[in-house]
>>> print(open('input_37.cif').read())   # mmCIF, C-alpha atoms
data_upload
#
loop_
_atom_site.label_atom_id
_atom_site.label_comp_id
_atom_site.auth_asym_id
_atom_site.auth_seq_id
_atom_site.Cartn_x
_atom_site.Cartn_y
_atom_site.Cartn_z
CA MET A 10 116.64 107.54 196.79
CA THR A 11 115.11 104.06 196.83
CA SER A 12 115.73 101.28 199.31
CA ASP A 13 117.55 99.56 196.41
CA ASP A 14 120.05 102.41 196.30
CA LEU A 15 120.69 102.10 200.01
CA GLU A 16 121.11 98.34 199.69
CA SER A 17 123.54 98.76 196.78
CA MET A 18 125.61 101.16 198.84
CA SER A 19 125.72 98.82 201.82
CA VAL A 20 127.50 96.28 199.61
CA LEU A 21 130.40 98.75 199.56
CA GLY A 22 130.78 98.42 203.32
CA ASP A 23 133.38 95.73 202.72
CA PRO A 24 136.82 97.33 202.18
CA VAL A 25 137.88 94.77 199.54
CA ARG A 26 134.77 95.46 197.53
CA ARG A 27 135.28 99.18 197.88
CA ALA A 28 138.83 98.85 196.57
CA LEU A 29 137.70 96.68 193.66
CA TYR A 30 134.86 99.02 192.80
CA GLY A 31 137.18 102.02 192.97
CA TYR A 32 139.75 100.35 190.73
CA VAL A 33 137.25 99.24 188.06
CA ALA A 34 135.48 102.62 188.04
CA GLU A 35 138.75 104.50 187.68
CA GLN A 36 139.88 102.56 184.60
CA GLY A 37 136.91 103.65 182.49
CA ARG A 38 137.10 100.39 180.49
CA ASP A 39 136.54 96.65 180.83
CA VAL A 40 138.67 95.12 183.58
CA GLY A 41 139.38 91.38 183.93
CA ARG A 42 139.45 89.45 187.19
CA ASN A 43 143.22 88.94 187.17
CA GLU A 44 143.93 92.60 186.66
CA ALA A 45 141.49 93.67 189.39
CA ALA A 46 142.95 91.12 191.80
CA GLU A 47 146.52 92.24 191.15
CA ALA A 48 145.68 95.92 191.41
CA THR A 49 143.97 95.51 194.76
CA GLY A 50 146.33 92.87 196.12
CA VAL A 51 143.80 90.11 196.77
CA GLN A 52 143.56 86.56 195.49
CA ARG A 53 141.87 86.02 192.15
CA THR A 54 139.06 83.84 193.52
CA LEU A 55 138.34 86.35 196.27
CA ALA A 56 138.34 89.20 193.75
CA ALA A 57 135.99 87.24 191.48
CA HIS A 58 133.59 86.62 194.37
CA HIS A 59 133.46 90.29 195.34
CA LEU A 60 133.26 91.55 191.76
CA ASP A 61 130.23 89.34 191.20
CA LYS A 62 128.66 90.68 194.42
CA LEU A 63 129.12 94.19 193.03
CA VAL A 64 127.38 93.11 189.82
CA GLU A 65 124.50 91.62 191.82
CA ALA A 66 124.14 94.91 193.65
CA GLY A 67 123.97 96.76 190.31
CA LEU A 68 127.16 98.76 190.91
CA LEU A 69 129.17 97.03 188.21
CA GLU A 70 128.19 95.44 184.90
CA SER A 71 129.85 92.32 183.58
CA GLY A 72 130.40 90.83 180.17
CA PHE A 73 132.70 88.45 178.33
CA LYS A 74 135.61 89.52 176.21
CA ARG A 75 138.78 88.08 174.74
CA LEU A 76 141.42 90.00 176.69
CA SER A 77 144.22 88.89 174.36
CA GLY A 78 142.68 91.09 171.69
CA LYS A 79 142.90 88.22 169.22
CA ALA A 80 139.73 86.97 167.61
CA GLY A 81 138.98 83.54 166.26
CA PRO A 82 140.91 80.33 166.99
CA GLY A 83 143.93 80.90 169.20
CA GLY A 84 142.36 84.00 170.70
CA GLY A 85 141.67 82.11 173.89
CA ARG A 86 138.48 81.72 175.87
CA PRO A 87 136.56 84.95 176.51
CA ALA A 88 137.21 86.17 180.04
CA LYS A 89 134.69 87.75 182.37
CA VAL A 90 135.17 91.50 182.49
CA TYR A 91 133.70 94.26 184.61
CA ARG A 92 132.94 97.91 184.16
CA ARG A 93 131.10 100.49 186.21
CA ALA A 94 127.30 100.33 185.84
CA ARG A 95 125.83 103.25 183.96
CA GLU A 96 122.87 103.60 186.25
CA GLU A 97 123.47 106.13 188.99
CA ARG A 98 122.81 105.60 192.68
CA THR A 99 121.96 108.34 195.07
CA VAL A 100 121.79 108.05 198.80
CA SER A 101 120.75 111.02 200.82
CA LEU A 102 119.72 110.82 204.43
CA PRO A 103 117.33 112.39 205.12
CA PRO A 104 115.94 112.12 201.56
CA ARG A 105 116.73 115.11 199.32
CA ASP A 106 115.77 115.57 195.69
CA TYR A 107 117.89 118.23 194.03
CA ARG A 108 117.63 116.49 190.67
CA THR A 109 113.94 117.20 190.13
CA LEU A 110 114.40 120.83 191.06
CA ALA A 111 117.42 121.09 188.75
CA LEU A 112 115.35 119.69 185.87
CA VAL A 113 112.61 122.24 186.55
CA LEU A 114 115.15 125.07 186.66
CA ALA A 115 116.79 123.93 183.41
CA GLU A 116 113.37 123.87 181.77
CA THR A 117 112.76 127.37 183.09
CA VAL A 118 116.04 128.70 181.66
CA ASP A 119 115.03 127.23 178.28
CA LEU A 120 111.59 128.84 178.45
CA LEU A 121 113.05 132.21 179.35
CA GLY A 122 115.88 131.95 176.81
CA GLY A 123 118.21 132.67 179.70
CA GLU A 124 121.23 130.63 178.60
CA GLU A 125 123.64 133.54 178.80
CA LYS A 126 122.59 134.45 182.33
CA ALA A 127 122.84 130.79 183.33
CA GLU A 128 126.39 130.66 181.99
CA GLU A 129 127.31 133.86 183.87
CA ALA A 130 125.93 132.37 187.07
CA ALA A 131 127.84 129.13 186.47
CA ARG A 132 131.07 131.05 185.95
CA ARG A 133 130.61 132.95 189.22
CA THR A 134 129.77 129.73 191.03
CA GLY A 135 132.92 128.10 189.66
CA GLU A 136 135.02 131.01 190.90
CA ARG A 137 133.48 130.79 194.36
CA LEU A 138 133.92 127.03 194.54
CA ALA A 139 137.60 127.22 193.69
CA ALA A 140 138.54 130.38 195.57
CA GLY A 141 140.76 129.60 198.51
CA GLU A 142 141.44 126.04 197.34
CA SER A 143 145.03 125.13 198.04
CA ALA A 144 144.92 122.01 195.84
CA GLY A 145 145.82 122.11 192.14
CA LEU A 146 143.37 121.94 189.26
CA VAL A 147 143.38 118.17 188.85
CA GLU A 148 142.79 117.60 192.57
CA VAL A 149 139.97 120.12 192.62
CA LEU A 150 138.36 118.41 189.62
CA ARG A 151 138.79 115.03 191.27
CA GLY A 152 137.21 116.31 194.44
CA ARG A 153 134.20 117.50 192.45
CA GLY A 154 133.66 114.10 190.87
CA TYR A 155 134.91 114.82 187.35
CA GLU A 156 137.39 111.90 187.42
CA PRO A 157 140.17 113.71 185.52
CA TYR A 158 142.78 111.80 183.51
CA GLU A 159 145.53 112.68 181.07
CA GLY A 160 144.80 111.86 177.46
CA GLY A 161 146.18 113.17 174.19
CA GLY A 162 148.13 115.91 175.97
CA ARG A 163 145.05 117.26 177.71
CA VAL A 164 143.33 116.77 180.99
CA ARG A 165 140.06 115.05 180.12
CA LEU A 166 137.16 114.27 182.41
CA ARG A 167 135.81 110.75 182.52
CA ASN A 168 132.68 111.53 184.50
CA CYS A 169 130.02 114.16 184.01
CA PRO A 170 128.79 115.11 187.49
CA PHE A 171 125.63 116.54 185.90
CA HIS A 172 124.87 113.50 183.74
CA VAL A 173 121.08 113.37 184.11
CA LEU A 174 120.74 117.08 183.34
CA ALA A 175 123.28 116.88 180.52
CA GLU A 176 121.13 114.18 178.91
CA SER A 177 117.91 116.15 179.15
CA HIS A 178 119.29 119.65 178.44
CA PRO A 179 122.67 119.02 176.77
CA LEU A 180 123.21 122.39 175.17
CA LEU A 181 122.39 124.34 178.33
CA VAL A 182 124.13 122.04 180.78
CA CYS A 183 127.32 121.52 178.75
CA SER A 184 127.59 125.29 178.25
CA MET A 185 127.05 125.88 181.97
CA ASN A 186 129.57 123.20 182.83
CA LEU A 187 132.16 124.83 180.57
CA ALA A 188 131.50 128.18 182.26
CA LEU A 189 131.74 126.54 185.68
CA CYS A 190 135.12 125.02 184.76
CA GLN A 191 136.34 128.37 183.39
CA GLY A 192 135.20 129.97 186.64
CA MET A 193 137.13 127.39 188.64
CA LEU A 194 140.28 128.18 186.66
CA ALA A 195 139.80 131.86 187.46
CA GLY A 196 139.13 131.07 191.12
CA LEU A 197 142.29 129.00 191.30
CA GLY A 198 144.26 131.80 189.64
CA GLU A 199 145.22 129.25 186.99
CA THR A 200 146.15 131.42 184.01
CA GLY A 201 148.24 128.85 182.13
CA VAL A 202 145.34 126.52 181.36
CA VAL A 203 142.17 126.95 179.33
CA ALA A 204 138.95 124.96 179.49
CA THR A 205 137.34 124.18 176.14
CA LEU A 206 134.51 122.06 174.86
CA ASP A 207 135.80 118.82 173.42
CA PRO A 208 132.87 116.47 173.78
CA ARG A 209 133.05 112.76 173.12
CA PRO A 210 130.57 109.98 173.77
CA GLY A 211 130.31 108.77 177.34
CA GLU A 212 132.50 111.48 178.91
CA CYS A 213 132.29 115.01 180.22
CA CYS A 214 132.29 117.64 177.45
CA VAL A 215 135.11 119.79 178.87
CA ALA A 216 138.86 119.33 178.41
CA PHE A 217 141.77 121.41 179.71
CA THR A 218 144.79 122.44 177.64
CA SER A 219 147.75 124.74 178.12
CA ALA A 220 146.88 128.32 177.27
CA GLY A 221 148.35 129.75 174.11
CA THR A 222 149.48 126.44 172.71
CA SER A 223 147.92 123.97 170.37
CA SER A 224 145.93 121.03 171.66
CA LYS A 225 148.94 118.80 171.09
CA ASN A 226 150.86 120.34 173.98
CA ASN A 227 150.75 119.05 177.50
CA VAL A 228 149.04 120.68 180.41
CA ASP A 229 151.73 121.59 182.92
CA MET B 25 113.97 101.18 161.14
CA HIS B 26 116.10 104.27 160.77
CA LEU B 27 115.68 107.62 162.47
CA ALA B 28 115.04 110.71 160.34
CA GLN B 29 115.56 114.21 161.68
CA LEU B 30 114.57 117.61 160.33
CA ASN B 31 115.92 120.91 161.69
CA VAL B 32 114.68 124.32 160.66
CA ALA B 33 116.26 127.63 161.62
CA HIS B 34 115.19 131.21 160.96
CA LEU B 35 118.07 133.43 159.85
CA ARG B 36 118.64 136.76 161.58
CA GLU B 37 120.27 138.21 158.46
CA PRO B 38 120.29 137.16 154.80
CA LEU B 39 122.74 134.36 154.02
CA ASP B 40 125.05 136.68 152.08
CA SER B 41 125.47 139.12 154.97
CA PRO B 42 128.78 139.21 156.91
CA ALA B 43 126.94 138.06 160.05
CA LEU B 44 126.44 134.64 158.49
CA THR B 45 130.05 134.03 157.44
CA GLY B 46 130.74 132.07 160.62
CA PHE B 47 127.79 129.79 159.95
CA LEU B 48 128.74 129.12 156.33
CA ASP B 49 132.37 128.50 157.33
CA ALA B 50 131.28 125.96 159.92
CA LEU B 51 129.36 123.84 157.41
CA ALA B 52 132.28 122.07 155.72
CA PRO B 53 134.02 120.87 158.91
CA ILE B 54 130.73 119.86 160.50
CA TYR B 55 129.58 117.87 157.46
CA GLN B 56 132.95 116.12 157.56
CA VAL B 57 132.20 115.06 161.13
CA SER B 58 128.57 114.08 160.48
CA ASP B 59 129.24 112.11 157.30
CA ALA B 60 131.95 110.08 159.05
CA ALA B 61 130.03 109.71 162.32
CA PRO B 62 129.03 106.23 163.50
CA GLY B 63 125.40 105.59 162.57
CA PHE B 64 125.19 108.28 159.89
CA VAL B 65 123.06 107.05 156.97
CA TRP B 66 122.22 109.97 154.72
CA ARG B 67 121.66 113.69 154.54
CA MET B 68 119.82 115.70 151.92
CA LYS B 69 122.23 117.61 149.67
CA GLU B 70 121.53 120.33 147.16
CA GLY B 71 124.93 120.35 145.50
CA ASP B 72 128.55 119.31 145.94
CA GLU B 73 129.56 122.31 148.03
CA PRO B 74 128.83 122.23 151.77
CA THR B 75 127.40 125.74 151.42
CA ASP B 76 124.83 124.60 148.84
CA LEU B 77 121.91 124.77 151.25
CA ILE B 78 118.74 122.79 150.62
CA GLN B 79 116.38 124.73 148.35
CA HIS B 80 112.75 124.92 149.43
CA ASP B 81 109.56 126.97 149.17
CA TYR B 82 109.45 128.30 152.71
CA GLY B 83 111.19 131.61 152.14
CA PRO B 84 114.82 132.77 151.89
CA MET B 85 115.25 133.20 155.67
CA LEU B 86 114.64 129.56 156.54
CA VAL B 87 117.55 127.08 156.64
CA VAL B 88 116.63 123.41 156.72
CA ASN B 89 118.62 120.32 157.38
CA LEU B 90 117.42 116.74 156.88
CA SER B 91 119.30 113.56 157.75
CA VAL B 92 118.82 109.87 158.56
CA TRP B 93 120.60 107.94 161.32
CA GLU B 94 120.73 104.37 162.54
CA SER B 95 119.59 105.13 166.08
CA ARG B 96 118.81 107.76 168.69
CA GLU B 97 122.19 107.17 170.31
CA THR B 98 124.23 107.72 167.14
CA LEU B 99 122.33 110.90 166.29
CA TRP B 100 122.61 112.17 169.88
CA ASN B 101 126.32 111.49 169.96
CA PHE B 102 126.82 113.45 166.75
CA VAL B 103 124.66 116.39 167.82
CA TYR B 104 125.94 116.76 171.38
CA ARG B 105 129.21 114.83 171.55
CA THR B 106 131.23 116.19 168.64
CA ALA B 107 132.46 119.59 167.45
CA HIS B 108 128.83 120.14 166.41
CA LEU B 109 128.07 121.12 170.02
CA GLU B 110 130.35 124.15 169.88
CA VAL B 111 128.75 125.30 166.62
CA MET B 112 125.28 124.87 168.08
CA ARG B 113 126.25 127.04 171.02
CA ARG B 114 126.69 129.89 168.55
CA ARG B 115 123.22 129.47 167.04
CA ARG B 116 121.90 132.73 168.49
CA GLU B 117 124.49 134.69 166.49
CA TRP B 118 122.86 133.45 163.30
CA PHE B 119 119.32 132.36 164.03
CA HIS B 120 116.26 133.70 165.79
CA ARG B 121 115.04 132.07 168.93
CA ILE B 122 111.65 130.57 168.18
CA ALA B 123 109.06 129.33 170.61
CA GLU B 124 107.73 126.57 168.35
CA PRO B 125 109.55 123.24 167.97
CA TYR B 126 112.30 123.60 165.36
CA THR B 127 113.41 120.02 165.21
CA VAL B 128 111.50 116.78 164.69
CA MET B 129 112.33 113.09 164.47
CA TRP B 130 110.44 110.12 163.10
CA TRP B 131 111.15 106.53 162.12
CA VAL B 132 111.56 105.57 158.48
CA PRO B 133 112.00 102.13 156.90
CA GLU B 134 115.64 101.36 156.16
CA GLY B 135 116.51 102.58 152.69
CA HIS B 136 113.81 105.28 152.67
CA LEU B 137 115.25 108.74 152.08
CA PRO B 138 112.50 111.11 153.14
CA PRO B 139 111.59 113.95 150.78
CA LEU B 140 111.34 117.42 152.28
CA ASP B 141 107.54 117.56 152.19
CA GLU B 142 107.38 114.40 154.31
CA ALA B 143 109.77 115.99 156.80
CA VAL B 144 107.87 119.26 156.97
CA ALA B 145 104.61 117.35 157.46
CA ARG B 146 106.18 115.68 160.51
CA LEU B 147 107.23 119.04 161.91
CA ASP B 148 103.70 120.37 161.35
CA LEU B 149 102.34 117.31 163.14
CA LEU B 150 104.67 117.88 166.10
CA ARG B 151 103.69 121.54 166.24
CA ALA B 152 99.97 120.77 166.01
CA GLN B 153 99.66 117.75 168.28
CA GLY B 154 102.79 117.63 170.39
CA PRO B 155 105.19 114.69 170.50
CA GLY B 156 103.87 111.26 169.54
CA PRO B 157 105.17 108.09 167.87
CA GLU B 158 104.96 109.73 164.43
CA ALA B 159 106.75 112.98 165.29
CA PHE B 160 108.88 113.41 168.37
CA THR B 161 112.01 114.93 169.88
CA PHE B 162 115.02 113.85 171.93
CA LYS B 163 113.24 114.98 175.07
CA ASP B 164 109.99 113.16 174.29
CA PHE B 165 111.34 110.21 172.38
CA TYR B 166 109.37 107.29 170.93
CA GLU B 167 110.91 103.95 170.06
CA SER B 168 110.48 102.46 166.58
CA SER B 169 108.33 99.70 168.09
CA ASP B 170 105.83 102.39 169.14
CA ALA B 171 105.74 103.79 165.62
CA ALA B 172 105.73 100.56 163.63
CA CYS B 173 102.25 99.50 164.68
CA LEU B 174 100.71 102.78 163.63
CA PRO B 175 99.48 102.91 160.02
CA ALA B 176 99.78 106.70 160.06
CA ALA B 177 103.54 106.35 160.44
CA ALA B 178 103.82 104.91 156.95
CA GLU B 179 101.81 107.47 155.04
CA VAL B 180 101.84 111.14 155.74
CA THR B 181 99.34 113.43 154.10
CA LYS B 182 101.15 115.52 151.55
#
>>> encode(input="input_37.cif", output="structure tokens")
Amino acid sequence: MTSDDLESMSVLGDPVRRALYGYVAEQGRDVGRNEAAEATGVQRTLAAHHLDKLVEAGLLESGFKRLSGKAGPGGGRPAKVYRRAREERTVSLPPRDYRTLALVLAETVDLLGGEEKAEEAARRTGERLAAGESAGLVEVLRGRGYEPYEGGGRVRLRNCPFHVLAESHPLLVCSMNLALCQGMLAGLGETGVVATLDPRPGECCVAFTSAGTSSKNNVD
Amino acid sequence: MHLAQLNVAHLREPLDSPALTGFLDALAPIYQVSDAAPGFVWRMKEGDEPTDLIQHDYGPMLVVNLSVWESRETLWNFVYRTAHLEVMRRRREWFHRIAEPYTVMWWVPEGHLPPLDEAVARLDLLRAQGPGPEAFTFKDFYESSDAACLPAAAEVTK
């Protein structure tokens, strides 16, 4: 944690900003000022002010885009749009640094060739995490920061909670994450759904589909 | 500059053994993904069939793969963010685990399609000296600006 991280977080103390940040982050795409204002029920100028404060704090990124989707003359003036900043912020008081240790452990698994054991451990951990949960799969995933959403008849995950590790050790971490998700399904007693790898750029590598059906079918 | 990548893998069994069927079957769908992937520039081909593996002088148990991409990001997204990831997870079924680096990247001028001896020289360099601007990996990556100013990047001893 740096003092910058703490300062960024303090910007979220304002409830309007928190609502705006939450809305933009949840969309997973560029969001215009009008849309953000309407969604959070505040005036456009107020929304614009707070969105720009969030950009200053490094929590959102901004750009310009023609929201009409039309290019060239008649497409209208590009509007200012916002999306969640890619950079991650961590605040832990007192300071904790699990990331460095996780990187060392991932390196160690690689050196030992222990991928299979790591996946077994991840599966057991997933089972433990989910055992006794009364919420459904999507709520459990949401609670663990995966940011689930429905897409193409599957439950997809917008956020990878292990992003830094998944960048440095993708094969190991994505495999462990899949095992963790499979463990969670087992822990929840969820037999009608399977977790599979379906990676795409910028998202978590795991997707959930109904068991025994093709990927075109919906998750119940 | 474009990014070239060489992979080498040591087979557990000869290519015509039943253990390798899964690997050979995976080639066609994976090449379909790679060749259509954003940022894909070129890959070395031996023949028209996906299973026509690159011929070389390093023994029958070595499989090599050589391709050129527009950027680190496009190559990374293909390797780890497509169906290729699932195939790579199965690599231990088909290939030995080796302690030495088995993959290397280096920058090439746009339009340059590296011959295999150039690629193998880069892997040797990585193995001998560790990652540097002329031979590096995803984990220890060097930007093209680091490589461009080095004369050694342009000519590799053959």
>>> resolve_selection(input="input_37.cif", expression="the PyMOL selection byres ((chain A) within 7 of (chain B))", output="ChimeraX atom specification")
/A:177,179-180,206-210
>>> write_last_selection(input="input_37.cif", atoms="C-alpha atoms", output="compact mmCIF listing (two decimals), keeping the file's coordinate frame")
# COMPACT_ATOMS: atom_id res chain seq x y z
CA SER A 177 117.91 116.15 179.15
CA PRO A 179 122.67 119.02 176.77
CA LEU A 180 123.21 122.39 175.17
CA LEU A 206 134.51 122.06 174.86
CA ASP A 207 135.80 118.82 173.42
CA PRO A 208 132.87 116.47 173.78
CA ARG A 209 133.05 112.76 173.12
CA PRO A 210 130.57 109.98 173.77
>>> atom_distance(input="input_37.cif", atom1="atom CA of Leu48 of chain B", atom2="atom CA of Gly71 of chain B")
14.4 Å
>>> atom_distance(input="input_37.cif", atom1="atom CA of Glu199 of chain A", atom2="atom CA of Val164 of chain A")
14.0 Å
>>> atom_distance(input="input_37.cif", atom1="atom CA of Val128 of chain B", atom2="atom CA of Thr75 of chain B")
22.6 Å
>>> residues_around(input="input_37.cif", residues="segment 62-68 of chain B", least_positions_apart="3", cutoff="7 Å", atoms="all atoms listed in the file", output="JSON, numbers by chain")
{"B": [58, 59, 90, 91, 92, 93, 94, 95, 98]}
>>> write_last_selection(input="input_37.cif", atoms="C-alpha atoms", output="mmCIF file, in the coordinates of the input")
data_model
loop_
_atom_site.group_PDB
_atom_site.id
_atom_site.type_symbol
_atom_site.label_atom_id
_atom_site.label_comp_id
_atom_site.auth_asym_id
_atom_site.auth_seq_id
_atom_site.Cartn_x
_atom_site.Cartn_y
_atom_site.Cartn_z
ATOM 1 C CA SER B 58 128.570 114.080 160.480
ATOM 2 C CA ASP B 59 129.240 112.110 157.300
ATOM 3 C CA LEU B 90 117.420 116.740 156.880
ATOM 4 C CA SER B 91 119.300 113.560 157.750
ATOM 5 C CA VAL B 92 118.820 109.870 158.560
ATOM 6 C CA TRP B 93 120.600 107.940 161.320
ATOM 7 C CA GLU B 94 120.730 104.370 162.540
ATOM 8 C CA SER B 95 119.590 105.130 166.080
ATOM 9 C CA THR B 98 124.230 107.720 167.140
#
>>> resolve_selection(input="input_37.cif", expression="the PyMOL selection byres ((chain A and resi 154) around 8)", output="mmCIF file with C-alpha atoms, in the coordinates of the input")
data_model
loop_
_atom_site.group_PDB
_atom_site.id
_atom_site.type_symbol
_atom_site.label_atom_id
_atom_site.label_comp_id
_atom_site.auth_asym_id
_atom_site.auth_seq_id
_atom_site.Cartn_x
_atom_site.Cartn_y
_atom_site.Cartn_z
ATOM 1 C CA LEU A 150 138.360 118.410 189.620
ATOM 2 C CA ARG A 151 138.790 115.030 191.270
ATOM 3 C CA GLY A 152 137.210 116.310 194.440
ATOM 4 C CA ARG A 153 134.200 117.500 192.450
ATOM 5 C CA TYR A 155 134.910 114.820 187.350
ATOM 6 C CA GLU A 156 137.390 111.900 187.420
ATOM 7 C CA ASN A 168 132.680 111.530 184.500
ATOM 8 C CA CYS A 169 130.020 114.160 184.010
ATOM 9 C CA PRO A 170 128.790 115.110 187.490
#
>>> resolve_selection(input="input_37.cif", expression="the PyMOL selection byres ((chain A and resi 91) around 9)", output="ChimeraX atom specification")
/A:33,38-42,60-61,64,69-73,89-90,92-94
>>> residues_around(input="input_37.cif", residues="Arg108 of chain A", least_positions_apart="3", cutoff="10 Å", atoms="all atoms listed in the file", output="PyMOL selection string")
chain A and resi 105+111-114+171+173-174
>>> residues_near_point(input="input_37.cif", point="(136.7, 97.1, 198.1)", cutoff="12 Å", atoms="all atoms listed in the file", output="PyMOL selection string")
chain A and resi 18-34+45-46+48-51+55-60+62-63
>>> residues_near_point(input="input_37.cif", point="(141.7, 129.0, 187.8)", cutoff="12 Å", atoms="only C-alpha atoms", output="JSON, numbers by chain")
{"A": [132, 133, 135, 136, 137, 138, 139, 140, 141, 142, 143, 144, 145, 146, 147, 149, 150, 188, 189, 190, 191, 192, 193, 194, 195, 196, 197, 198, 199, 200, 201, 202, 203, 204, 217, 220]}
>>> axis_aligned_box(input="input_37.cif", around="segment 70-74 of chain B", padding_each_side="3 Å", output="lines of an AutoDock Vina configuration file")
center_x = 125.5
center_y = 120.8
center_z = 148.6
size_x = 14.0
size_y = 9.0
size_z = 12.3
>>> closest_residue(input="input_37.cif", among="B:Val111, B:Glu124, B:His26, B:Leu86", to="Leu51 of chain B", atoms="all atoms listed in the file")
B:Val111
>>> residues_around(input="input_37.cif", residues="Thr99 of chain A", least_positions_apart="2", cutoff="12 Å", atoms="all atoms listed in the file", output="VMD selection string")
chain A and resid 10 to 18 68 96 to 97 101 to 108
>>> residues_around(input="input_37.cif", residues="Gly123 of chain A", least_positions_apart="5", cutoff="12 Å", atoms="all atoms listed in the file", output="list in words")
Leu114, Ala115, Glu116, Thr117, Val118, Glu128, Glu129, Ala130, Leu181 and Met185 of chain A; Arg116 and Arg121 of chain B
